[in-house]
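Enquirer: Please read through the structure below; I'll follow up with questions.
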Amino acid sequence: MTGIYTRLVSKLLFPLHERLKKHDTVAIKVQLEKSQWLPRDKIMQAQNERLQQFIGQVIKDVPYYKALFNKLGLSSSDINSVADLHKLPFLNKTTIRENYSALKSNQAGAVSSFTTGGSSGTPLTFLLGDERVSHDVAEKWRATRWWDVDIGDKEIVAWGSPIELGAQDKIRILRDKLFRSTLIPAFDVDESKLLGFIDRIKSIQPQMLFGYPSVFSLIAKLALAQNIDLTQLGIKVVFVTSERLYPYQREMIEKAFGAPVANGYGSRDAGFIAHQCPSGSMHISAEDLIVEIIDNDGHVVEDGEKGEIVITHMATSDFPFVRYRTGDIAALDTKSCACGRGLPVLKDIEGRTTDFVVAANGTMMHGLALIYILRELEGIEEFKVIQESKQLTRIELVPTNTLSDELSARIIEGFKARLGQEVEIQLDVVKNITAEKSGKFRYIVSKVEVK
């Protein structure tokens, strides 16, 4: 049962907050909670209708797309459905940088400049308007409600983005207090800081946690190792996002907190793409986002086949993202979800192409193949794998004690078995694994171009 204070926040204070910011979040969320239960074909029909309107708008108002359609000899009537999107070229970071001014709509309202964390390469700067922000917040809010929690329930957020952490001014602090949201910085986590996080979690006793899976798995690992019981605090769900969630992390977090992990997939540039429901499916926010899966040649694959995720976000009329290549790998599920929602499902989300490694013979494999080698060995606290080339892979290791010759030999043997006997495996003992500038942790980094 929702508490009185939570109802006050979710029904009055947060809607007022969004209205003051000129966001249509509440109305969008109400509509999303209705549309999620429509049959799949009805959702797809509505998606096609919205796509037609969106394309017509960007051709008229956005210089880049007006010029592009003229160059291709196309008009808005040529894009009647998702199936017609193949007629348009992909959008990537280079294209956005080279056409930054021309991608801004002539009818754009107030927009803000945002920059990605750059964990997969050079950061990307782009513009966000109130329309996109309103839809993003509404989609996250809808997914939060799937887990029987709401805005106003006590929440702890473990985050590392300089954008969010730098915004902690007086108004933001007051707002977080009113909404009962506590932000803890996820930079440079060591054992003392993790113990401090645990103390705050025990003191606040939140209904939900939100943040990077790497941070919560580190907290969970320490709590389990020191027999600290976090299962009786009333935590209903642990929302994780912004990083690849590994199965061992989910298992550890759920065991330590006694609560389910709800995965969220998206990015600052592409938006909130998919959220996990209690039945386990990653539902795409199909009212706003179109997901295409393409092969290495850029062709759309059949549902069920893996490929790169391409996003068209239809709430980006101020600065459109049309057929934007995310660099992430996944597949569209052919099955519907047991929860009854008609929203399409994204499955087998395997992270960026830079999370894959390439063996000396050219075989491509997911980084999990290497992660499992290290996780099965006693004496390894933390690690990071950097594939410098097909001929050289470095492993940063934080050993439990001293890295013995025997353990070193087992690691090298395991990696050579996967990557090739001729590959040089370099072991670097470090005191800790450094997070990215955004605060995220990446356990697999490949500098080998995947073709």
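Residue numbering restarts at 1 for every chain of the structure tokens, chains are lettered A, B, ... in their displayed order, and ligands are numbered from 1 as they appear.
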Quick one: residues within 12 Å of Lys34 of chain A, only C-alpha atoms counted, chain neighbours fewer than 4 positions away excluded, as a list in words?

Expert: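 So, after excluding close chain neighbours, the residues are Ala27, Ile28, Lys29, Val30, Leu38, Pro39, Ile43, Arg142, Glu287, Arg341, Gly342 and Leu343 of chain A.
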
Enquirer: Taking only C-alpha atoms into account, which of A:Arg410, A:Arg394, A:Lys347, A:Lys193 comes nearest Gly280 of chain A?

Expert: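 Nearest candidate to Gly280 of chain A out of A:Arg410, A:Arg394, A:Lys347, A:Lys193: A:Lys347.
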
Enquirer: May I ask for the distance between atom CA of Leu32 of chain A and atom CA of Ala338 of chain A, given in Å to one decimal place?

Expert: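 Computing it gives 18.8 Å between the two atoms.
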
Enquirer: Between A:Phe54, A:Phe319, A:Phe210, A:Tyr324, single out the one closest to Tyr100 of chain A, counting only C-alpha atoms.

Expert: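 That would be A:Phe319, the residue with the smallest distance to Tyr100 of chain A.
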